[in-house]
file data-v1.txt (compact mmCIF, N, CA, C and O atoms)
# COMPACT_ATOMS: atom_id res chain seq x y z
N THR A 1 10.15 15.70 -8.75
CA THR A 1 10.70 14.37 -8.96
C THR A 1 9.57 13.39 -9.22
O THR A 1 8.55 13.43 -8.55
N ASP A 2 9.76 12.52 -10.16
CA ASP A 2 8.76 11.50 -10.47
C ASP A 2 8.77 10.43 -9.39
O ASP A 2 9.78 9.79 -9.14
N LEU A 3 7.63 10.26 -8.73
CA LEU A 3 7.49 9.27 -7.66
C LEU A 3 7.96 7.89 -8.11
O LEU A 3 8.63 7.18 -7.38
N PHE A 4 7.64 7.52 -9.32
CA PHE A 4 7.90 6.17 -9.79
C PHE A 4 9.38 5.89 -10.02
O PHE A 4 9.80 4.76 -10.00
N LYS A 5 10.18 6.93 -10.24
CA LYS A 5 11.62 6.73 -10.42
C LYS A 5 12.28 6.32 -9.12
O LYS A 5 13.38 5.78 -9.12
N LYS A 6 11.63 6.56 -8.00
CA LYS A 6 12.20 6.21 -6.70
C LYS A 6 12.07 4.72 -6.40
O LYS A 6 12.70 4.21 -5.50
N PHE A 7 11.21 4.03 -7.12
CA PHE A 7 11.01 2.61 -6.89
C PHE A 7 11.91 1.80 -7.81
O PHE A 7 12.10 2.12 -8.98
N ASN A 8 12.42 0.72 -7.30
CA ASN A 8 13.24 -0.18 -8.09
C ASN A 8 12.48 -1.50 -8.16
O ASN A 8 12.33 -2.19 -7.15
N ASP A 9 12.02 -1.88 -9.33
CA ASP A 9 11.16 -3.06 -9.42
C ASP A 9 11.88 -4.35 -9.08
O ASP A 9 11.25 -5.38 -8.89
N ASP A 10 13.21 -4.34 -8.96
CA ASP A 10 13.93 -5.52 -8.49
C ASP A 10 13.67 -5.75 -7.01
O ASP A 10 13.80 -6.86 -6.52
N LYS A 11 13.34 -4.71 -6.29
CA LYS A 11 13.13 -4.81 -4.86
C LYS A 11 11.65 -4.79 -4.48
O LYS A 11 11.28 -5.08 -3.37
N LEU A 12 10.81 -4.45 -5.42
CA LEU A 12 9.38 -4.29 -5.16
C LEU A 12 8.62 -5.37 -5.92
O LEU A 12 8.64 -5.42 -7.13
N SER A 13 7.97 -6.26 -5.19
CA SER A 13 7.30 -7.36 -5.87
C SER A 13 5.86 -7.04 -6.24
O SER A 13 5.34 -7.57 -7.21
N GLU A 14 5.22 -6.18 -5.46
CA GLU A 14 3.80 -5.93 -5.70
C GLU A 14 3.37 -4.63 -5.04
O GLU A 14 3.87 -4.29 -3.97
N ILE A 15 2.45 -3.94 -5.66
CA ILE A 15 1.92 -2.70 -5.11
C ILE A 15 0.41 -2.86 -4.95
O ILE A 15 -0.27 -3.29 -5.87
N LEU A 16 -0.08 -2.52 -3.77
CA LEU A 16 -1.51 -2.52 -3.50
C LEU A 16 -1.93 -1.08 -3.23
O LEU A 16 -1.32 -0.39 -2.42
N THR A 17 -2.96 -0.63 -3.91
CA THR A 17 -3.51 0.69 -3.64
C THR A 17 -4.84 0.52 -2.93
O THR A 17 -5.55 -0.46 -3.14
N VAL A 18 -5.16 1.48 -2.07
CA VAL A 18 -6.42 1.41 -1.33
C VAL A 18 -6.89 2.83 -1.04
O VAL A 18 -6.09 3.73 -0.81
N GLU A 19 -8.18 3.02 -1.09
CA GLU A 19 -8.76 4.33 -0.80
C GLU A 19 -8.77 4.56 0.70
O GLU A 19 -9.07 3.65 1.49
N VAL A 20 -8.43 5.75 1.10
CA VAL A 20 -8.54 6.13 2.51
C VAL A 20 -9.91 6.76 2.66
O VAL A 20 -10.15 7.88 2.21
N LEU A 21 -10.82 6.04 3.27
CA LEU A 21 -12.20 6.50 3.40
C LEU A 21 -12.29 7.72 4.30
O LEU A 21 -11.57 7.83 5.29
N GLY A 22 -13.14 8.63 3.93
CA GLY A 22 -13.37 9.81 4.73
C GLY A 22 -12.33 10.91 4.54
O GLY A 22 -12.34 11.90 5.25
N ASN A 23 -11.42 10.72 3.60
CA ASN A 23 -10.41 11.74 3.34
C ASN A 23 -10.56 12.22 1.90
O ASN A 23 -10.14 11.53 0.97
N PRO A 24 -11.12 13.41 1.70
CA PRO A 24 -11.34 13.90 0.34
C PRO A 24 -10.03 14.19 -0.41
O PRO A 24 -10.03 14.28 -1.63
N ARG A 25 -8.91 14.27 0.31
CA ARG A 25 -7.62 14.52 -0.34
C ARG A 25 -6.94 13.22 -0.76
O ARG A 25 -5.87 13.26 -1.36
N SER A 26 -7.54 12.10 -0.46
CA SER A 26 -6.97 10.81 -0.81
C SER A 26 -6.88 10.65 -2.32
O SER A 26 -7.81 10.98 -3.05
N GLU A 27 -5.75 10.16 -2.79
CA GLU A 27 -5.58 9.90 -4.22
C GLU A 27 -6.52 8.77 -4.64
O GLU A 27 -6.75 7.82 -3.89
N ASN A 28 -7.07 8.86 -5.83
CA ASN A 28 -7.93 7.81 -6.35
C ASN A 28 -7.09 6.54 -6.52
O ASN A 28 -6.12 6.52 -7.29
N PRO A 29 -7.44 5.46 -5.81
CA PRO A 29 -6.61 4.25 -5.85
C PRO A 29 -6.55 3.60 -7.23
O PRO A 29 -5.53 3.03 -7.62
N GLU A 30 -7.62 3.69 -7.99
CA GLU A 30 -7.64 3.10 -9.33
C GLU A 30 -6.67 3.85 -10.25
O GLU A 30 -5.91 3.24 -11.01
N SER A 31 -6.67 5.18 -10.17
CA SER A 31 -5.74 5.98 -10.97
C SER A 31 -4.29 5.69 -10.59
O SER A 31 -3.42 5.56 -11.45
N LEU A 32 -4.05 5.60 -9.31
CA LEU A 32 -2.70 5.32 -8.83
C LEU A 32 -2.24 3.93 -9.29
O LEU A 32 -1.12 3.76 -9.77
N LYS A 33 -3.13 2.95 -9.19
CA LYS A 33 -2.81 1.59 -9.66
C LYS A 33 -2.46 1.62 -11.14
O LYS A 33 -1.46 1.02 -11.57
N ASN A 34 -3.24 2.33 -11.93
CA ASN A 34 -3.00 2.40 -13.37
C ASN A 34 -1.66 3.06 -13.70
O ASN A 34 -0.98 2.66 -14.65
N GLU A 35 -1.26 4.05 -12.91
CA GLU A 35 0.05 4.69 -13.11
C GLU A 35 1.17 3.68 -12.87
O GLU A 35 2.16 3.64 -13.62
N PHE A 36 1.04 2.87 -11.84
CA PHE A 36 2.05 1.84 -11.58
C PHE A 36 2.05 0.77 -12.68
O PHE A 36 3.11 0.32 -13.12
N LEU A 37 0.88 0.37 -13.13
CA LEU A 37 0.79 -0.63 -14.21
C LEU A 37 1.45 -0.13 -15.48
O LEU A 37 2.18 -0.88 -16.15
N LYS A 38 1.23 1.14 -15.82
CA LYS A 38 1.84 1.73 -17.02
C LYS A 38 3.36 1.68 -16.97
O LYS A 38 4.02 1.66 -17.99
N ARG A 39 3.89 1.68 -15.77
CA ARG A 39 5.34 1.68 -15.60
C ARG A 39 5.90 0.28 -15.36
O ARG A 39 7.04 0.11 -14.96
N GLY A 40 5.07 -0.74 -15.56
CA GLY A 40 5.55 -2.12 -15.51
C GLY A 40 5.52 -2.80 -14.15
O GLY A 40 6.06 -3.89 -14.00
N PHE A 41 4.88 -2.18 -13.17
CA PHE A 41 4.79 -2.80 -11.85
C PHE A 41 3.56 -3.70 -11.78
O PHE A 41 2.58 -3.49 -12.47
N ASP A 42 3.61 -4.70 -10.91
CA ASP A 42 2.45 -5.54 -10.61
C ASP A 42 1.64 -4.79 -9.56
O ASP A 42 2.07 -4.68 -8.41
N ALA A 43 0.52 -4.22 -9.95
CA ALA A 43 -0.27 -3.40 -9.04
C ALA A 43 -1.71 -3.88 -9.01
O ALA A 43 -2.27 -4.28 -10.03
N LYS A 44 -2.29 -3.84 -7.82
CA LYS A 44 -3.68 -4.24 -7.62
C LYS A 44 -4.34 -3.22 -6.71
O LYS A 44 -3.68 -2.53 -5.95
N ASN A 45 -5.66 -3.17 -6.77
CA ASN A 45 -6.43 -2.28 -5.91
C ASN A 45 -7.19 -3.11 -4.89
O ASN A 45 -7.85 -4.07 -5.23
N ALA A 46 -7.06 -2.73 -3.63
CA ALA A 46 -7.86 -3.33 -2.57
C ALA A 46 -8.93 -2.30 -2.21
O ALA A 46 -8.68 -1.10 -2.22
N HIS A 47 -10.12 -2.77 -1.86
CA HIS A 47 -11.22 -1.85 -1.58
C HIS A 47 -11.19 -1.31 -0.15
O HIS A 47 -11.74 -0.24 0.12
N THR A 48 -10.55 -2.05 0.76
CA THR A 48 -10.44 -1.61 2.15
C THR A 48 -9.05 -1.95 2.67
O THR A 48 -8.33 -2.78 2.09
N LEU A 49 -8.68 -1.32 3.77
CA LEU A 49 -7.40 -1.65 4.40
C LEU A 49 -7.36 -3.11 4.85
O LEU A 49 -6.34 -3.78 4.70
N SER A 50 -8.48 -3.59 5.38
CA SER A 50 -8.53 -5.00 5.81
C SER A 50 -8.27 -5.94 4.64
O SER A 50 -7.52 -6.91 4.77
N GLU A 51 -8.86 -5.65 3.51
CA GLU A 51 -8.64 -6.46 2.31
C GLU A 51 -7.17 -6.38 1.88
O GLU A 51 -6.56 -7.39 1.54
N ALA A 52 -6.60 -5.19 1.91
CA ALA A 52 -5.19 -5.03 1.53
C ALA A 52 -4.28 -5.84 2.44
O ALA A 52 -3.35 -6.51 1.96
N LEU A 53 -4.55 -5.83 3.74
CA LEU A 53 -3.71 -6.59 4.66
C LEU A 53 -3.82 -8.09 4.42
O LEU A 53 -2.85 -8.82 4.61
N LYS A 54 -4.98 -8.55 3.98
CA LYS A 54 -5.14 -9.97 3.66
C LYS A 54 -4.39 -10.36 2.39
O LYS A 54 -4.01 -11.50 2.22
N LEU A 55 -4.18 -9.39 1.49
CA LEU A 55 -3.52 -9.66 0.22
C LEU A 55 -2.00 -9.61 0.28
O LEU A 55 -1.33 -10.13 -0.61
N ILE A 56 -1.45 -8.99 1.33
CA ILE A 56 0.01 -8.88 1.38
C ILE A 56 0.63 -10.23 1.66
O ILE A 56 0.06 -11.09 2.32
N LYS A 57 1.82 -10.42 1.12
CA LYS A 57 2.55 -11.66 1.32
C LYS A 57 3.25 -11.62 2.67
O LYS A 57 3.95 -10.67 2.98
N LYS A 58 3.04 -12.65 3.46
CA LYS A 58 3.55 -12.66 4.83
C LYS A 58 5.07 -12.71 4.90
O LYS A 58 5.66 -12.28 5.87
N ASP A 59 5.72 -13.22 3.87
CA ASP A 59 7.18 -13.35 3.91
C ASP A 59 7.89 -12.17 3.26
O ASP A 59 9.08 -12.23 2.97
N ARG A 60 7.18 -11.09 3.04
CA ARG A 60 7.73 -9.90 2.38
C ARG A 60 7.70 -8.71 3.32
O ARG A 60 6.88 -8.62 4.22
N ILE A 61 8.58 -7.77 3.06
CA ILE A 61 8.54 -6.51 3.76
C ILE A 61 7.40 -5.69 3.17
O ILE A 61 7.24 -5.63 1.95
N THR A 62 6.63 -5.06 4.01
CA THR A 62 5.51 -4.24 3.57
C THR A 62 5.79 -2.79 3.89
O THR A 62 6.14 -2.46 5.03
N VAL A 63 5.66 -1.93 2.91
CA VAL A 63 5.86 -0.50 3.09
C VAL A 63 4.52 0.18 2.89
O VAL A 63 3.84 -0.05 1.88
N VAL A 64 4.12 1.00 3.84
CA VAL A 64 2.87 1.76 3.74
C VAL A 64 3.23 3.19 3.38
O VAL A 64 3.99 3.85 4.10
N CYS A 65 2.72 3.66 2.26
CA CYS A 65 2.97 5.03 1.82
C CYS A 65 1.67 5.80 1.85
O CYS A 65 0.66 5.32 1.36
N GLY A 66 1.70 6.95 2.43
CA GLY A 66 0.51 7.77 2.51
C GLY A 66 0.60 8.68 3.72
O GLY A 66 1.69 8.98 4.21
N SER A 67 -0.52 9.06 4.23
CA SER A 67 -0.56 9.98 5.35
C SER A 67 -0.28 9.26 6.67
O SER A 67 -0.32 8.03 6.75
N LEU A 68 -0.04 10.05 7.69
CA LEU A 68 0.11 9.47 9.03
C LEU A 68 -1.19 8.83 9.49
O LEU A 68 -1.18 7.87 10.24
N TYR A 69 -2.32 9.36 9.02
CA TYR A 69 -3.61 8.76 9.35
C TYR A 69 -3.70 7.34 8.80
O TYR A 69 -4.14 6.42 9.48
N LEU A 70 -3.27 7.18 7.56
CA LEU A 70 -3.27 5.84 6.94
C LEU A 70 -2.34 4.91 7.70
O LEU A 70 -2.72 3.78 8.02
N ALA A 71 -1.14 5.36 8.01
CA ALA A 71 -0.19 4.52 8.75
C ALA A 71 -0.77 4.13 10.11
O ALA A 71 -0.62 2.99 10.55
N GLY A 72 -1.44 5.06 10.77
CA GLY A 72 -2.07 4.76 12.06
C GLY A 72 -3.18 3.73 11.93
O GLY A 72 -3.30 2.83 12.76
N ASP A 73 -3.98 3.86 10.88
CA ASP A 73 -5.05 2.88 10.64
C ASP A 73 -4.47 1.50 10.38
O ASP A 73 -4.97 0.49 10.89
N VAL A 74 -3.40 1.43 9.58
CA VAL A 74 -2.76 0.15 9.28
C VAL A 74 -2.17 -0.45 10.56
O VAL A 74 -2.35 -1.64 10.83
N ARG A 75 -1.50 0.37 11.34
CA ARG A 75 -0.92 -0.13 12.60
C ARG A 75 -2.02 -0.68 13.51
O ARG A 75 -1.85 -1.73 14.13
N GLY A 76 -3.14 0.02 13.60
CA GLY A 76 -4.25 -0.46 14.43
C GLY A 76 -4.77 -1.81 13.96
O GLY A 76 -5.00 -2.71 14.78
N LEU A 77 -4.92 -1.97 12.65
CA LEU A 77 -5.40 -3.26 12.13
C LEU A 77 -4.37 -4.37 12.35
O LEU A 77 -4.73 -5.49 12.71
N LEU A 78 -3.08 -4.06 12.17
CA LEU A 78 -2.04 -5.06 12.41
C LEU A 78 -2.00 -5.47 13.87
O LEU A 78 -1.78 -6.64 14.19
N THR A 79 -2.21 -4.51 14.76
CA THR A 79 -2.23 -4.82 16.19
C THR A 79 -3.37 -5.77 16.50
O THR A 79 -3.20 -6.73 17.26
N GLU A 80 -4.54 -5.53 15.90
CA GLU A 80 -5.69 -6.43 16.10
C GLU A 80 -5.39 -7.83 15.58
O GLU A 80 -5.74 -8.81 16.21
N ILE A 81 -4.75 -7.91 14.42
CA ILE A 81 -4.51 -9.20 13.77
C ILE A 81 -3.34 -9.95 14.40
O ILE A 81 -3.42 -11.14 14.67
N CYS A 82 -2.24 -9.23 14.62
CA CYS A 82 -0.98 -9.89 14.98
C CYS A 82 -0.55 -9.69 16.42
O CYS A 82 0.33 -10.40 16.90
N GLY A 83 -1.09 -8.72 17.08
CA GLY A 83 -0.62 -8.38 18.43
C GLY A 83 0.34 -7.20 18.38
O GLY A 83 0.92 -6.89 17.35
N GLU A 84 0.51 -6.55 19.50
CA GLU A 84 1.28 -5.31 19.59
C GLU A 84 2.72 -5.47 19.12
O GLU A 84 3.22 -4.68 18.35
N LYS A 85 3.43 -6.50 19.55
CA LYS A 85 4.85 -6.64 19.22
C LYS A 85 5.07 -6.74 17.72
O LYS A 85 5.93 -6.07 17.16
N THR A 86 4.31 -7.59 17.03
CA THR A 86 4.49 -7.78 15.60
C THR A 86 4.17 -6.51 14.83
O THR A 86 4.83 -6.18 13.87
N ALA A 87 3.18 -5.77 15.24
CA ALA A 87 2.75 -4.57 14.53
C ALA A 87 3.78 -3.46 14.58
O ALA A 87 3.80 -2.60 13.74
N THR A 88 4.66 -3.49 15.59
CA THR A 88 5.62 -2.39 15.73
C THR A 88 7.04 -2.79 15.40
O THR A 88 7.94 -1.97 15.47
N GLU A 89 7.29 -4.02 15.04
CA GLU A 89 8.66 -4.46 14.70
C GLU A 89 9.13 -3.85 13.42
O GLU A 89 8.41 -3.59 12.53

call {"tool": "encode", "arguments": {"input": "data-v1.txt", "output": "structure tokens"}}
result
Amino acid sequence: TDLFKKFNDDKLSEILTVEVLGNPRSENPESLKNEFLKRGFDAKNAHTLSEALKLIKKDRITVVCGSLYLAGDVRGLLTEICGEKTATE
């Protein structure tokens, strides 16, 4: 199944790609961003998770796609920034 067919651009305002450092199996974020751009999505590349979190819109739902390691890293950063309750809501 084509990953991109699962997204509906009416519901998705922006896509941020970021490299997962230290993981050789991580998809190249620039390539992934270009695939989304080719399909008409607004996509940007962030160089770090911290940068990506600063770029997300606060009034939007944020979906993290990737490994459990990535989700754990994002949760840890959100806990530092927002506190435990906000990071797990």

call {"tool": "atom_distance", "arguments": {"input": "data-v1.txt", "atom1": "atom C of Gly72 in chain A", "atom2": "atom O of Leu49 in chain A"}}
result
10.9 Å

call {"tool": "atom_distance", "arguments": {"input": "data-v1.txt", "atom1": "CA of Leu21 in chain A", "atom2": "CA of Lys57 in chain A"}}
result
23.5 Å

call {"tool": "residues_near_point", "arguments": {"input": "data-v1.txt", "point": "(-2.8, -2.1, -4.1)", "cutoff": "9 Å", "atoms": "only C-alpha atoms", "output": "PyMOL selection string"}}
result
chain A and resi 14-18+29-30+32-33+43-47+52+55

call {"tool": "atom_distance", "arguments": {"input": "data-v1.txt", "atom1": "atom C of Gly22 in chain A", "atom2": "CA of Phe36 in chain A"}}
result
23.4 Å

call {"tool": "select_by_dssp", "arguments": {"input": "data-v1.txt", "residues": "range 18-55 of chain A", "states": "strand (DSSP E or B)", "output": "list in words"}}
result
Val18, Ala43, Lys44, Asn45 and Ala46 of chain A
